[in-house]
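Q: Below is a structure I'd like to ask you about.
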Amino acid sequence: MSGLGIWNYLIIIFLMMTGLYMVISSSNLVKKLIGLNVFQTSVFFMYISFGYISGGAGPVFNENVELYSNPLTHVLILTAIVVGVATTAVGLALSIRIKESFGTIEEDDLHKMDSSL
Amino acid sequence: MLMHLPVLVVLAPLLAAPIVALMRGATWPWLLSTLVSWFALLCAVLLLIQVQAEGVIIYTMGGWEAPWGIEYRIDFANALLLVLITGLASVVMPYARLSVEQEVGAERSPMFYAALLLLSLGLCGMTATGDAFNVFVFLEISSLATYTLIAMGRDRRALTASFSYLVMGTIGGTFYLIGIGLLYVMTGTLNMADLAERLPAISDSSTVRTGFAFIVTGICLKLALFPLHLWLPNAYTYSPSAVTALLGATATKVAVYILIRFVFTIFGPEYSFGAEPLAEVLIPLAVIGLLSASTVSIGQPNIKRMLAYSSVAQIGYIVLGIAMGTAMGLTAALLHVFNHGLMKGALFMTLGAVMYRMGGTNLSDMQGLAKTMPLTFWAFVIGGLSLIGVPLTVGFVSKWHLILAAIELGWWPVVIVILAGSMLAVVYVGRVVEAGFFGEARDPTRREAPASLLIPVWILIFANIYFGIDTRLTVDIAEAAAAQLMAGGVVR
């Protein structure tokens, strides 16, 4: 565990908790989505950290290289990033529709309007 | 062609969805998606027959052997689930035509059917695949389709319901992703069979335990186990009727299947119930969920919402069966997955017919239904009896097995809880039946729902009765599936 050591994992945990806290605590729907993104990004970092081996080269075959990093986790996380982008897009589209039909994207106001209906 | 059945179930709707999205009008998209759903059902039924005849089917994607490639692995448990998903989709699609025209509108129909196809293919993919990461991909495909479908509801509250499901569902999905990542780090594989082989050697590492916790919590969010069910009632209440029918019957069931797959096949029952306190966590939650959701559903003025809470309660029964950790409990859980799919599909579709004629699904809309819409009303009565668990319906079969499983373990309090849940179901179904039978119709001129809504409803109602009387097929398959799952690991 030379190089980054466990620091990157501490950062990942910090980002994860920040993201979750934002999702739970903010009332604005767009801020919730930002929190969700931070949360997901921490998981992307986690996967990328998993695959990296200290001193390992990129996974391109070369006769002089003996130690390669694991490319699979990086490929996996590309898929997850695409999923994250799609989720954000749907979430933002929903926020626009909510703004159009309720006139607000503050969750507290939305709750008040919901119960009055 | 027969060789490629496991992938055709997923591939056919996947190829059809973009074509449907590009079509114009309401009729052609509907026709193509209906035909594709029927084709998928045909594939699923053939798969089930093949599994019964030859045992586990392994399909390597693109000819790449696992663990390098992705494999699809069909055994009794997921063959049964595939029949349920494609069967419900095949009944909901023809039903959707009129209901969607009214609730969603003709101009949005192509997108609606494309999303419905994506939903069913995502669920089929989650069920069929033998690769843990592939499950995540299909989970997100089905979830994204679900968010858009819920948001197409007529009520503007559908938008907020969809948004909160999006937030909760994404957190659930990401938890699952974290868990898979941790398992991959420890084992170096994503293939379920390989995971099952390699995990026992390293099962006391804290990384594996953390992975297990993340996976179980993430999936429990998706299957709406109490207290993670908060997204469900609104999502079911405000989405279009056809969507509620498909979602209520299949979506949470597939999450249950994934839970079963991880708890029994991948981690193995000894680890899940021995080394981890899974039963101690799940049983109280299932019992509280069962009783509280049943109680809450009694007071609901909106019948769709009442059934949504009842779904949370039914998930309690299923999780109870899983948490018993015995072959009998698992058989009961699998039976209830299938049977609850049949009854909730039928009930939500009945409500869709009420919605079509009355424009709402409140208790006041159900008043006097026995006179104005007798066929719809009796469909609701039979579906409701099945929900309660009256003999000669599917509800009885699965509850009977669940009670037998509890007695086998000597868990008498659980038996009482199961019976109490049924009593509560009598109350909440009873008040609708009472309103329908004795109430004064608000508008006595309302006529019966059109045949294209009623025929699919009655097909499901007959399925409810048929599988309630002739239990050989479902019970045999569920028992065989439970035996395969209890063996732990993957049958080679």
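Following the order of the structure tokens, first chain is A, next is B, and so on, with residues numbered from 1 inside each chain and ligands from 1 in the order they appear.
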Find the residues of chain A that sit at most 10 Å from chain B; for each, write down the nearest two atoms and how far apart they are in Å, to one decimal. Count only C-alpha atoms. Sort by chain, then by number going up, and give it as JSON lines.
A:
```
{"residue": "A:Leu20", "atom": "CA", "partner": "B:Ile171", "partner_atom": "CA", "distance": 8.5}
{"residue": "A:Val23", "atom": "CA", "partner": "B:Val167", "partner_atom": "CA", "distance": 7.9}
{"residue": "A:Ile24", "atom": "CA", "partner": "B:Val167", "partner_atom": "CA", "distance": 9.8}
{"residue": "A:Leu29", "atom": "CA", "partner": "B:Phe163", "partner_atom": "CA", "distance": 8.5}
{"residue": "A:Lys32", "atom": "CA", "partner": "B:Val167", "partner_atom": "CA", "distance": 8.0}
{"residue": "A:Leu33", "atom": "CA", "partner": "B:Val167", "partner_atom": "CA", "distance": 7.7}
{"residue": "A:Gly35", "atom": "CA", "partner": "B:Val167", "partner_atom": "CA", "distance": 9.9}
{"residue": "A:Leu36", "atom": "CA", "partner": "B:Val167", "partner_atom": "CA", "distance": 7.3}
{"residue": "A:Asn37", "atom": "CA", "partner": "B:Thr170", "partner_atom": "CA", "distance": 9.9}
{"residue": "A:Phe39", "atom": "CA", "partner": "B:Ile171", "partner_atom": "CA", "distance": 8.4}
{"residue": "A:Gln40", "atom": "CA", "partner": "B:Thr174", "partner_atom": "CA", "distance": 6.7}
{"residue": "A:Ser42", "atom": "CA", "partner": "B:Ile178", "partner_atom": "CA", "distance": 9.9}
{"residue": "A:Val43", "atom": "CA", "partner": "B:Ile178", "partner_atom": "CA", "distance": 6.5}
{"residue": "A:Phe44", "atom": "CA", "partner": "B:Ile178", "partner_atom": "CA", "distance": 9.3}
{"residue": "A:Met46", "atom": "CA", "partner": "B:Gly181", "partner_atom": "CA", "distance": 8.2}
{"residue": "A:Tyr47", "atom": "CA", "partner": "B:Gly181", "partner_atom": "CA", "distance": 6.5}
{"residue": "A:Phe50", "atom": "CA", "partner": "B:Val185", "partner_atom": "CA", "distance": 6.7}
{"residue": "A:Gly51", "atom": "CA", "partner": "B:Val185", "partner_atom": "CA", "distance": 8.4}
{"residue": "A:Asn70", "atom": "CA", "partner": "B:Gly188", "partner_atom": "CA", "distance": 10.0}
{"residue": "A:Leu72", "atom": "CA", "partner": "B:Gly188", "partner_atom": "CA", "distance": 9.8}
{"residue": "A:Thr73", "atom": "CA", "partner": "B:Gly181", "partner_atom": "CA", "distance": 8.2}
{"residue": "A:Leu76", "atom": "CA", "partner": "B:Phe133", "partner_atom": "CA", "distance": 8.0}
{"residue": "A:Ile77", "atom": "CA", "partner": "B:Leu177", "partner_atom": "CA", "distance": 9.6}
{"residue": "A:Thr79", "atom": "CA", "partner": "B:Val137", "partner_atom": "CA", "distance": 7.8}
{"residue": "A:Ala80", "atom": "CA", "partner": "B:Val137", "partner_atom": "CA", "distance": 7.8}
{"residue": "A:Val83", "atom": "CA", "partner": "B:Glu140", "partner_atom": "CA", "distance": 6.9}
{"residue": "A:Gly84", "atom": "CA", "partner": "B:Thr170", "partner_atom": "CA", "distance": 8.6}
{"residue": "A:Ala86", "atom": "CA", "partner": "B:Leu144", "partner_atom": "CA", "distance": 7.9}
{"residue": "A:Thr87", "atom": "CA", "partner": "B:Leu144", "partner_atom": "CA", "distance": 6.8}
{"residue": "A:Thr88", "atom": "CA", "partner": "B:Leu166", "partner_atom": "CA", "distance": 9.4}
{"residue": "A:Val90", "atom": "CA", "partner": "B:Thr148", "partner_atom": "CA", "distance": 7.5}
{"residue": "A:Gly91", "atom": "CA", "partner": "B:Phe163", "partner_atom": "CA", "distance": 6.6}
{"residue": "A:Leu92", "atom": "CA", "partner": "B:Phe163", "partner_atom": "CA", "distance": 9.4}
{"residue": "A:Ala93", "atom": "CA", "partner": "B:Thr148", "partner_atom": "CA", "distance": 9.6}
{"residue": "A:Leu94", "atom": "CA", "partner": "B:Leu159", "partner_atom": "CA", "distance": 6.4}
{"residue": "A:Ser95", "atom": "CA", "partner": "B:Phe163", "partner_atom": "CA", "distance": 7.8}
{"residue": "A:Ile96", "atom": "CA", "partner": "B:Leu159", "partner_atom": "CA", "distance": 9.9}
{"residue": "A:Arg97", "atom": "CA", "partner": "B:Leu159", "partner_atom": "CA", "distance": 7.2}
{"residue": "A:Ile98", "atom": "CA", "partner": "B:Leu159", "partner_atom": "CA", "distance": 6.1}
{"residue": "A:Lys99", "atom": "CA", "partner": "B:Leu159", "partner_atom": "CA", "distance": 9.9}
{"residue": "A:Glu100", "atom": "CA", "partner": "B:Arg156", "partner_atom": "CA", "distance": 10.0}
{"residue": "A:Ser101", "atom": "CA", "partner": "B:Arg156", "partner_atom": "CA", "distance": 6.7}
{"residue": "A:Phe102", "atom": "CA", "partner": "B:Arg156", "partner_atom": "CA", "distance": 8.0}
{"residue": "A:Ile105", "atom": "CA", "partner": "B:Thr160", "partner_atom": "CA", "distance": 9.6}
{"residue": "A:Glu107", "atom": "CA", "partner": "B:Thr160", "partner_atom": "CA", "distance": 9.1}
{"residue": "A:Leu110", "atom": "CA", "partner": "B:Thr160", "partner_atom": "CA", "distance": 8.2}
{"residue": "A:His111", "atom": "CA", "partner": "B:Thr160", "partner_atom": "CA", "distance": 9.4}
{"residue": "A:Met113", "atom": "CA", "partner": "B:Arg157", "partner_atom": "CA", "distance": 9.6}
{"residue": "A:Asp114", "atom": "CA", "partner": "B:Arg157", "partner_atom": "CA", "distance": 7.2}
{"residue": "A:Leu117", "atom": "CA", "partner": "B:Arg157", "partner_atom": "CA", "distance": 9.5}
```
Q: Give the helix (DSSP H, G or I) residues of chain A, as assigned by DSSP on the backbone, as a PyMOL selection string.
A: chain A and resi 7-25+29-51+71-102+107-116
Q: So that I can check the secondary structure, give me every residue of stretch 22-112 of chain A assigned strand (DSSP E or B) by backbone DSSP, as a list of chain:residue names.
A: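 Filtering stretch 22-112 of chain A to strand (DSSP E or B) leaves A:Asn28, A:Ala57, A:Tyr68, A:Glu106.
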Q: For atom CA of B:Gly368 and atom CA of B:Glu434, quote the distance in Å rounded to one decimal.
A: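 Taking atom CA of B:Gly368 as the start and atom CA of B:Glu434 as the end point, the length is 9.0 Å.
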Q: Write out as a PyMOL selection string which residues come within 12 Å of B:Gly63 when counting only C-alpha atoms, dropping same-chain ones fewer than 6 positions away.
A: chain B and resi 4+69-72
Q: What's around stretch 274-286 of chain B at 6 Å? Count only C-alpha atoms, leave out sequence neighbours fewer than 6 positions away in its own chain, and write the answer as a compact mmCIF listing (two decimals) with C-alpha atoms, in the first residue's frame.
A:
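Produced file out-v5.txt, reproduced below:
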```
# COMPACT_ATOMS: atom_id res chain seq x y z
CA PHE B 226 -40.45 -2.18 5.31
CA GLY B 316 -43.53 -9.17 4.05
CA LEU B 320 -40.66 -14.12 5.79
CA ALA B 323 -35.80 -15.57 6.10
```
Q: Separation of atom CA of B:Lys222 and atom CA of B:Gly169, in Å?
A: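 Straight-line distance from atom CA of B:Lys222 to atom CA of B:Gly169 works out to 6.4 Å.
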Q: Which one is closest to A:Ser54: A:Lys112, A:Gly5, A:Thr104, A:Val85? Count only C-alpha atoms.
A: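 Comparing A:Lys112, A:Gly5, A:Thr104, A:Val85 against A:Ser54, the winner is A:Gly5.
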Q: Quick one: residues within 12 Å of B:Gln300, only C-alpha atoms, excluding same-chain residues fewer than 2 positions away - as an mmCIF file with N, CA, C and O atoms, in the first residue's frame?
A:
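The resulting file, around.cif, is shown below:
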```cif
data_model
loop_
_atom_site.group_PDB
_atom_site.id
_atom_site.type_symbol
_atom_site.label_atom_id
_atom_site.label_comp_id
_atom_site.auth_asym_id
_atom_site.auth_seq_id
_atom_site.Cartn_x
_atom_site.Cartn_y
_atom_site.Cartn_z
ATOM 1 N N PRO B 233 -45.918 3.355 -2.426
ATOM 2 C CA PRO B 233 -47.339 3.712 -2.516
ATOM 3 C C PRO B 233 -47.623 4.823 -3.526
ATOM 4 O O PRO B 233 -48.522 4.686 -4.359
ATOM 5 N N THR B 237 -49.662 4.473 -7.031
ATOM 6 C CA THR B 237 -50.956 5.149 -7.086
ATOM 7 C C THR B 237 -51.082 6.048 -8.306
ATOM 8 O O THR B 237 -52.132 6.099 -8.937
ATOM 9 N N ALA B 293 -48.384 -2.406 7.169
ATOM 10 C CA ALA B 293 -48.881 -2.042 5.841
ATOM 11 C C ALA B 293 -50.316 -2.513 5.657
ATOM 12 O O ALA B 293 -51.135 -1.802 5.066
ATOM 13 N N SER B 294 -50.647 -3.704 6.181
ATOM 14 C CA SER B 294 -52.035 -4.178 6.073
ATOM 15 C C SER B 294 -52.966 -3.244 6.826
ATOM 16 O O SER B 294 -54.066 -2.933 6.354
ATOM 17 N N THR B 295 -52.516 -2.783 8.008
ATOM 18 C CA THR B 295 -53.368 -1.902 8.807
ATOM 19 C C THR B 295 -53.561 -0.563 8.107
ATOM 20 O O THR B 295 -54.678 -0.033 8.046
ATOM 21 N N VAL B 296 -52.447 -0.021 7.571
ATOM 22 C CA VAL B 296 -52.539 1.279 6.901
ATOM 23 C C VAL B 296 -53.461 1.184 5.693
ATOM 24 O O VAL B 296 -54.222 2.111 5.400
ATOM 25 N N SER B 297 -53.438 0.051 4.988
ATOM 26 C CA SER B 297 -54.225 -0.023 3.761
ATOM 27 C C SER B 297 -55.727 -0.008 4.048
ATOM 28 O O SER B 297 -56.515 0.341 3.171
ATOM 29 N N ILE B 298 -56.121 -0.354 5.288
ATOM 30 C CA ILE B 298 -57.552 -0.347 5.607
ATOM 31 C C ILE B 298 -58.138 1.057 5.482
ATOM 32 O O ILE B 298 -59.246 1.227 5.007
ATOM 33 N N ASN B 302 -58.260 5.849 -1.526
ATOM 34 C CA ASN B 302 -57.964 5.471 -2.905
ATOM 35 C C ASN B 302 -57.625 3.974 -2.951
ATOM 36 O O ASN B 302 -56.707 3.516 -2.281
ATOM 37 N N ILE B 303 -58.383 3.228 -3.751
ATOM 38 C CA ILE B 303 -58.232 1.771 -3.733
ATOM 39 C C ILE B 303 -56.899 1.345 -4.337
ATOM 40 O O ILE B 303 -56.290 0.361 -3.921
ATOM 41 N N LYS B 304 -56.413 2.118 -5.315
ATOM 42 C CA LYS B 304 -55.121 1.795 -5.903
ATOM 43 C C LYS B 304 -54.034 1.896 -4.847
ATOM 44 O O LYS B 304 -53.137 1.066 -4.761
ATOM 45 N N ARG B 305 -54.145 2.942 -4.004
ATOM 46 C CA ARG B 305 -53.178 3.122 -2.933
ATOM 47 C C ARG B 305 -53.312 2.016 -1.891
ATOM 48 O O ARG B 305 -52.319 1.532 -1.358
ATOM 49 N N MET B 306 -54.560 1.613 -1.648
ATOM 50 C CA MET B 306 -54.800 0.526 -0.705
ATOM 51 C C MET B 306 -54.080 -0.736 -1.170
ATOM 52 O O MET B 306 -53.380 -1.406 -0.402
ATOM 53 N N LEU B 307 -54.200 -1.045 -2.481
ATOM 54 C CA LEU B 307 -53.538 -2.237 -3.006
ATOM 55 C C LEU B 307 -52.023 -2.075 -2.990
ATOM 56 O O LEU B 307 -51.293 -3.054 -2.829
ATOM 57 N N ALA B 308 -51.543 -0.832 -3.150
ATOM 58 C CA ALA B 308 -50.101 -0.604 -3.100
ATOM 59 C C ALA B 308 -49.569 -0.951 -1.715
ATOM 60 O O ALA B 308 -48.552 -1.637 -1.584
ATOM 61 N N TYR B 309 -50.279 -0.495 -0.668
ATOM 62 C CA TYR B 309 -49.855 -0.860 0.688
ATOM 63 C C TYR B 309 -49.960 -2.355 0.898
ATOM 64 O O TYR B 309 -49.126 -2.966 1.567
ATOM 65 N N SER B 310 -51.006 -2.948 0.310
ATOM 66 C CA SER B 310 -51.142 -4.394 0.432
ATOM 67 C C SER B 310 -49.953 -5.097 -0.217
ATOM 68 O O SER B 310 -49.500 -6.136 0.269
ATOM 69 N N THR B 361 -60.251 5.968 -8.945
ATOM 70 C CA THR B 361 -60.271 4.667 -8.271
ATOM 71 C C THR B 361 -60.528 4.841 -6.782
ATOM 72 O O THR B 361 -60.077 4.049 -5.974
ATOM 73 N N ASN B 362 -61.248 5.914 -6.427
ATOM 74 C CA ASN B 362 -61.577 6.097 -5.013
ATOM 75 C C ASN B 362 -62.710 5.159 -4.608
ATOM 76 O O ASN B 362 -63.405 4.612 -5.471
ATOM 77 N N LEU B 363 -62.872 5.022 -3.301
ATOM 78 C CA LEU B 363 -63.927 4.141 -2.802
ATOM 79 C C LEU B 363 -65.284 4.594 -3.332
ATOM 80 O O LEU B 363 -66.151 3.781 -3.633
ATOM 81 N N SER B 364 -65.451 5.925 -3.500
ATOM 82 C CA SER B 364 -66.731 6.434 -3.990
ATOM 83 C C SER B 364 -66.988 6.006 -5.439
ATOM 84 O O SER B 364 -68.141 5.881 -5.855
ATOM 85 N N VAL B 427 -60.542 -7.392 5.916
ATOM 86 C CA VAL B 427 -61.143 -6.089 6.207
ATOM 87 C C VAL B 427 -60.972 -5.137 5.034
ATOM 88 O O VAL B 427 -61.928 -4.522 4.569
ATOM 89 N N TYR B 428 -59.720 -5.041 4.516
ATOM 90 C CA TYR B 428 -59.554 -4.010 3.474
ATOM 91 C C TYR B 428 -60.154 -4.408 2.145
ATOM 92 O O TYR B 428 -60.592 -3.542 1.388
ATOM 93 N N VAL B 429 -60.182 -5.702 1.830
ATOM 94 C CA VAL B 429 -60.886 -6.099 0.608
ATOM 95 C C VAL B 429 -62.391 -5.989 0.841
ATOM 96 O O VAL B 429 -63.140 -5.535 -0.024
ATOM 97 N N ARG B 431 -64.194 -3.949 2.605
ATOM 98 C CA ARG B 431 -64.875 -2.653 2.521
ATOM 99 C C ARG B 431 -65.121 -2.241 1.070
ATOM 100 O O ARG B 431 -66.123 -1.583 0.770
ATOM 101 N N VAL B 432 -64.239 -2.667 0.154
ATOM 102 C CA VAL B 432 -64.458 -2.368 -1.257
ATOM 103 C C VAL B 432 -65.643 -3.185 -1.773
ATOM 104 O O VAL B 432 -66.519 -2.673 -2.478
#
```
Q: Which residues, written as a list of chain:residue names, have at least one atom at most 8 Å from A:Ser69, with only C-alpha atoms counted and residues fewer than 3 positions away on the same chain left out?
A: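 Contacts, in chain order: A:Gly51, A:Tyr52, A:Ile53, A:Gly56, A:Ala57, A:Gly58, A:Pro59.
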Q: Can you pull out every residue within 9 Å of B:Ala487, counting only C-alpha atoms, but drop anything in the same chain fewer than 6 positions away, and send it as a list of chain:residue names?
A: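 Surrounding residues, per the criterion: B:Phe264, B:Thr265, B:Gly268, B:Pro269.
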Q: Generate a file of the selected residues that holds all heavy atoms, formatted as a PDB file, in the first residue's frame.
A:
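Final output, out-v6.pdb:
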```
ATOM      1  N   PHE B 264     -28.972 -17.396  -1.331  1.00  0.00           N
ATOM      2  CA  PHE B 264     -28.866 -18.853  -1.380  1.00  0.00           C
ATOM      3  C   PHE B 264     -27.776 -19.329  -2.332  1.00  0.00           C
ATOM      4  O   PHE B 264     -26.935 -20.133  -1.941  1.00  0.00           O
ATOM      5  CB  PHE B 264     -30.215 -19.472  -1.759  1.00  0.00           C
ATOM      6  CG  PHE B 264     -31.210 -19.359  -0.656  1.00  0.00           C
ATOM      7  CD1 PHE B 264     -32.074 -18.275  -0.592  1.00  0.00           C
ATOM      8  CD2 PHE B 264     -31.274 -20.316   0.334  1.00  0.00           C
ATOM      9  CE1 PHE B 264     -32.980 -18.151   0.436  1.00  0.00           C
ATOM     10  CE2 PHE B 264     -32.179 -20.196   1.370  1.00  0.00           C
ATOM     11  CZ  PHE B 264     -33.029 -19.117   1.424  1.00  0.00           C
ATOM     12  N   THR B 265     -27.774 -18.833  -3.575  1.00  0.00           N
ATOM     13  CA  THR B 265     -26.814 -19.387  -4.528  1.00  0.00           C
ATOM     14  C   THR B 265     -25.409 -18.864  -4.264  1.00  0.00           C
ATOM     15  O   THR B 265     -24.454 -19.634  -4.191  1.00  0.00           O
ATOM     16  CB  THR B 265     -27.226 -19.022  -5.961  1.00  0.00           C
ATOM     17  OG1 THR B 265     -28.539 -19.495  -6.166  1.00  0.00           O
ATOM     18  CG2 THR B 265     -26.299 -19.663  -6.961  1.00  0.00           C
ATOM     19  N   GLY B 268     -24.717 -18.638  -0.141  1.00  0.00           N
ATOM     20  CA  GLY B 268     -25.040 -19.945   0.437  1.00  0.00           C
ATOM     21  C   GLY B 268     -25.789 -19.771   1.743  1.00  0.00           C
ATOM     22  O   GLY B 268     -25.504 -18.842   2.515  1.00  0.00           O
ATOM     23  N   PRO B 269     -26.767 -20.642   2.005  1.00  0.00           N
ATOM     24  CA  PRO B 269     -27.581 -20.489   3.218  1.00  0.00           C
ATOM     25  C   PRO B 269     -26.761 -20.566   4.514  1.00  0.00           C
ATOM     26  O   PRO B 269     -27.093 -19.881   5.477  1.00  0.00           O
ATOM     27  CB  PRO B 269     -28.592 -21.633   3.145  1.00  0.00           C
ATOM     28  CG  PRO B 269     -28.223 -22.458   1.982  1.00  0.00           C
ATOM     29  CD  PRO B 269     -27.233 -21.744   1.150  1.00  0.00           C
TER      30      PRO B 269
END
```
